[in-house]
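S.K.: Sharing final-v8.txt, compact mmCIF, C-alpha atoms:
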```
# COMPACT_ATOMS: atom_id res chain seq x y z
CA MET H 1488 103.40 94.43 259.75
CA ALA H 1489 104.35 95.27 256.17
CA ALA H 1490 106.72 93.00 254.31
CA GLY H 1491 110.21 94.46 254.34
CA ALA H 1492 109.52 96.56 257.46
CA PRO H 1493 111.79 96.22 260.49
CA LEU H 1494 110.55 93.71 263.06
CA GLY H 1495 110.78 96.25 265.88
CA ILE H 1496 109.69 95.66 269.44
CA ASP H 1497 106.00 95.46 268.52
CA GLY H 1498 106.73 92.76 265.95
CA PHE H 1499 108.91 90.92 268.47
CA ASN H 1500 106.13 91.06 271.07
CA ARG H 1501 103.62 89.68 268.51
CA LEU H 1502 105.74 86.62 267.74
CA SER H 1503 104.62 83.39 269.36
CA GLU H 1504 106.38 82.47 272.57
CA ARG H 1505 108.23 79.73 270.72
CA GLN H 1506 109.38 82.16 268.00
CA ARG H 1507 110.57 84.68 270.60
CA MET H 1508 112.42 81.95 272.49
CA HIS H 1509 114.07 80.76 269.28
CA ALA H 1510 115.08 84.33 268.36
CA LEU H 1511 116.55 84.94 271.81
CA TYR H 1512 118.40 81.61 271.74
CA GLU H 1513 120.01 82.68 268.46
CA VAL H 1514 121.21 85.83 270.23
CA CYS H 1515 122.69 83.90 273.17
CA SER H 1516 122.93 80.12 273.40
CA SER H 1517 122.13 80.03 277.11
CA PRO H 1518 118.63 78.56 277.47
CA ILE H 1519 118.30 80.08 280.94
CA TRP H 1520 119.22 83.54 279.60
CA ALA H 1521 116.67 83.24 276.79
CA ARG H 1522 113.91 82.01 279.15
CA ARG H 1523 114.55 84.73 281.72
CA VAL H 1524 114.66 87.48 279.10
CA LEU H 1525 111.43 86.15 277.58
CA ALA H 1526 109.76 86.16 281.01
CA GLY H 1527 110.20 89.94 281.17
CA GLY H 1528 107.97 90.57 278.15
CA PRO H 1529 106.01 91.98 276.56
CA PHE H 1530 108.45 94.86 276.23
CA ARG H 1531 107.29 98.49 275.99
CA ASP H 1532 110.25 99.50 273.82
CA ASP H 1533 113.66 98.41 272.55
CA ASP H 1534 115.41 99.75 275.64
CA ALA H 1535 113.21 97.65 277.93
CA LEU H 1536 114.30 94.49 276.07
CA LEU H 1537 117.97 95.53 276.05
CA ASP H 1538 117.88 96.42 279.74
CA ARG H 1539 116.22 93.11 280.61
CA ALA H 1540 118.86 91.23 278.59
CA ASP H 1541 121.65 93.07 280.43
CA ARG H 1542 120.13 92.41 283.87
CA VAL H 1543 119.60 88.72 283.16
CA LEU H 1544 123.18 88.35 281.92
CA ALA H 1545 124.55 90.11 285.02
CA GLU H 1546 122.75 87.56 287.21
CA LEU H 1547 123.54 84.49 285.11
CA PRO H 1548 125.40 81.78 287.06
CA ASP H 1549 128.89 80.88 285.86
CA ALA H 1550 127.79 77.43 284.68
CA GLU H 1551 125.24 79.07 282.40
CA LEU H 1552 127.87 81.47 281.08
CA ASP H 1553 129.67 78.39 279.81
CA ALA H 1554 126.52 77.40 277.90
CA ALA H 1555 126.44 80.89 276.39
CA LEU H 1556 130.07 80.50 275.28
CA ASP H 1557 129.18 77.29 273.45
CA GLY H 1558 127.48 79.44 270.82
CA HIS H 1559 130.70 81.26 269.94
CA PRO H 1560 133.45 79.81 267.74
CA ARG H 1561 137.08 80.68 268.30
CA ILE H 1562 138.09 84.02 266.83
CA GLY H 1563 139.52 83.18 263.43
CA ALA H 1564 137.94 79.71 263.25
CA LYS H 1565 135.21 78.84 260.79
CA ALA H 1566 132.00 80.32 262.14
CA ASP H 1567 129.12 77.88 262.53
CA ASN H 1568 126.40 80.54 262.56
CA ALA H 1569 125.57 83.64 260.53
CA SER H 1570 125.94 86.05 263.44
CA SER H 1571 129.48 84.95 264.28
CA ALA H 1572 130.45 84.94 260.60
CA ARG H 1573 129.18 88.53 260.24
CA GLU H 1574 130.90 89.67 263.43
CA GLN H 1575 134.24 88.12 262.47
CA ALA H 1576 134.08 89.07 258.79
CA ARG H 1577 137.24 91.19 258.90
CA VAL H 1578 139.32 88.27 260.20
CA ALA H 1579 138.85 86.31 256.98
CA ASP H 1580 141.00 88.80 255.05
CA ALA H 1581 143.91 88.70 257.48
CA GLU H 1582 147.37 87.49 256.53
CA GLU H 1583 148.07 83.83 257.30
CA SER H 1584 150.69 84.80 259.90
CA VAL H 1585 148.07 86.77 261.84
CA LYS H 1586 145.57 83.91 261.60
CA ALA H 1587 148.24 81.50 262.86
CA ALA H 1588 149.08 83.81 265.77
CA LEU H 1589 145.37 84.08 266.61
CA ALA H 1590 145.05 80.29 266.62
CA GLN H 1591 148.09 79.93 268.90
CA LYS H 1592 146.94 82.63 271.31
CA ASN H 1593 143.41 81.13 271.34
CA ARG H 1594 144.92 77.83 272.52
CA GLU H 1595 146.97 79.63 275.19
CA TYR H 1596 143.86 81.47 276.36
CA GLU H 1597 141.79 78.29 276.58
CA ASP H 1598 144.59 76.52 278.47
CA ARG H 1599 144.84 79.42 280.91
CA PHE H 1600 141.15 80.19 281.49
CA GLY H 1601 139.32 77.01 280.44
CA TYR H 1602 136.95 78.59 277.91
CA VAL H 1603 136.94 80.23 274.50
CA TYR H 1604 138.29 83.78 274.09
CA LEU H 1605 135.23 85.97 273.67
CA VAL H 1606 135.40 89.50 272.37
CA CYS H 1607 132.94 91.75 270.59
CA ALA H 1608 134.59 91.39 267.18
CA SER H 1609 132.20 93.49 265.08
CA GLY H 1610 134.14 95.89 262.88
CA ARG H 1611 137.52 94.87 264.29
CA THR H 1612 140.45 93.58 262.27
CA ALA H 1613 142.30 90.37 263.03
CA GLU H 1614 145.27 92.44 264.17
CA GLU H 1615 143.10 94.35 266.66
CA LEU H 1616 141.57 91.11 267.97
CA LEU H 1617 145.02 89.55 268.35
CA ALA H 1618 146.27 92.58 270.31
CA ILE H 1619 143.26 92.42 272.63
CA LEU H 1620 143.73 88.68 273.12
CA THR H 1621 147.43 89.10 273.89
CA GLU H 1622 146.64 91.79 276.45
CA ARG H 1623 143.86 89.77 278.10
CA LEU H 1624 146.18 86.79 278.60
CA ASP H 1625 147.75 88.87 281.41
CA ASN H 1626 144.45 89.06 283.33
CA ASP H 1627 143.90 87.00 286.45
CA PRO H 1628 141.00 84.51 286.17
CA ASP H 1629 138.47 86.62 288.11
CA THR H 1630 139.20 89.75 286.09
CA GLU H 1631 139.01 87.83 282.83
CA ARG H 1632 135.68 86.28 283.77
CA ARG H 1633 134.28 89.79 284.33
CA VAL H 1634 135.74 91.01 281.02
CA MET H 1635 134.30 88.00 279.20
CA ARG H 1636 130.84 88.62 280.72
CA SER H 1637 131.04 92.27 279.62
CA GLU H 1638 132.01 91.27 276.07
CA LEU H 1639 129.14 88.78 275.96
CA GLY H 1640 126.78 91.59 276.97
CA LYS H 1641 128.05 93.76 274.09
CA ILE H 1642 127.56 90.90 271.63
CA ASN H 1643 124.06 90.16 272.92
CA ARG H 1644 123.07 93.84 272.59
CA LEU H 1645 124.36 94.04 269.01
CA ARG H 1646 122.51 90.87 268.10
CA LEU H 1647 119.28 92.07 269.73
CA GLU H 1648 119.52 95.41 267.94
CA ARG H 1649 120.08 93.57 264.66
CA LEU H 1650 117.11 91.30 265.39
CA LEU H 1651 114.80 94.25 266.02
CA SER H 1652 115.97 96.08 262.90
CA LYS H 1653 115.78 92.98 260.68
CA GLU H 1654 113.34 93.26 257.85
CA THR H 1655 110.37 90.95 258.02
CA ALA H 1656 109.43 88.58 255.23
```
Could I get this structure in the form of structure tokens?
M.R.:
Amino acid sequence: MAAGAPLGIDGFNRLSERQRMHALYEVCSSPIWARRVLAGGPFRDDDALLDRADRVLAELPDAELDAALDGHPRIGAKADNASSAREQARVADAEESVKAALAQKNREYEDRFGYVYLVCASGRTAEELLAILTERLDNDPDTERRVMRSELGKINRLRLERLLSKETA
């Protein structure tokens, strides 16, 4: 593998098991998700990895979804990892009134559903994320859990695609 080349699926498959586990855990902070995805390897192509990740997420128990949510800061809060910071980059430039409204609605969401508001934030403005949050507050708990799982799947896919396209050292 040439320095500066994308990792790709072949590079991912050549990583040690520990390195692959670590990379998957950075995608999604559910240890069970990472272990189950890893168990499906080696992967023949990118789609095989993405499909495996989707299937594992669809079967993940609710308690493990909560572990996955632990890896995501509130929308608008200081991100504690590079992926979240990149995904929420457009929120940093928002007006203070929008940031304050996001913080308030985040608290309402957590009070209503018992977990952090999760949305695929990549490329979205703070105003867009606030509108989505406001709309999702009207969901019943079962519907919102399904929406949250779907959003987590979108985030995981984006992060896996970024991982595979990342240049190697």
S.K.: Determine the nearest neighbour of Glu1614 in chain H from the options H:Ile1562, H:Met1635, H:Ala1554, H:Val1514, counting only C-alpha atoms.
M.R.: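 Closest to Glu1614 in chain H of all the choices is H:Ile1562.
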S.K.: Please provide the set of residues having any atom within 12 Å of range 1574-1577 of chain H, restricted to all atoms listed in the file, with same-chain residues fewer than 3 positions apart removed, written as JSON, numbers by chain.
M.R.: {"H": [1559, 1560, 1561, 1562, 1563, 1564, 1565, 1566, 1567, 1568, 1569, 1570, 1571, 1580, 1581, 1582, 1586, 1605, 1606, 1607, 1608, 1609, 1610, 1611, 1612, 1613, 1614, 1615, 1616, 1641, 1642, 1643, 1645, 1646, 1649]}
S.K.: Neighbours of Val1524 in chain H within 7 Å (all atoms listed in the file; same-chain residues fewer than 2 positions away dropped), as a ChimeraX atom specification?
M.R.: /H:1520-1522,1526-1527,1539-1540,1543
S.K.: Dump C-alpha atoms for the selected residues as a PDB file, in the coordinates of the input?
M.R.:
```pdb
ATOM      1  CA  TRP H1520     119.220  83.540 279.600  1.00  0.00           C
ATOM      2  CA  ALA H1521     116.670  83.240 276.790  1.00  0.00           C
ATOM      3  CA  ARG H1522     113.910  82.010 279.150  1.00  0.00           C
ATOM      4  CA  ALA H1526     109.760  86.160 281.010  1.00  0.00           C
ATOM      5  CA  GLY H1527     110.200  89.940 281.170  1.00  0.00           C
ATOM      6  CA  ARG H1539     116.220  93.110 280.610  1.00  0.00           C
ATOM      7  CA  ALA H1540     118.860  91.230 278.590  1.00  0.00           C
ATOM      8  CA  VAL H1543     119.600  88.720 283.160  1.00  0.00           C
TER       9      VAL H1543
END
```
S.K.: Hey, can you check how far CA of Thr1621 in chain H sits from CA of Ser1517 in chain H?
M.R.: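 For CA of Thr1621 in chain H relative to CA of Ser1517 in chain H, the distance reads 27.1 Å.
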S.K.: Using only C-alpha atoms, find all polymer residues with an atom at most 8 Å away from the point (119.0, 99.7, 274.8); report them as a PyMOL selection string.
M.R.: chain H and resi 1533-1538+1644
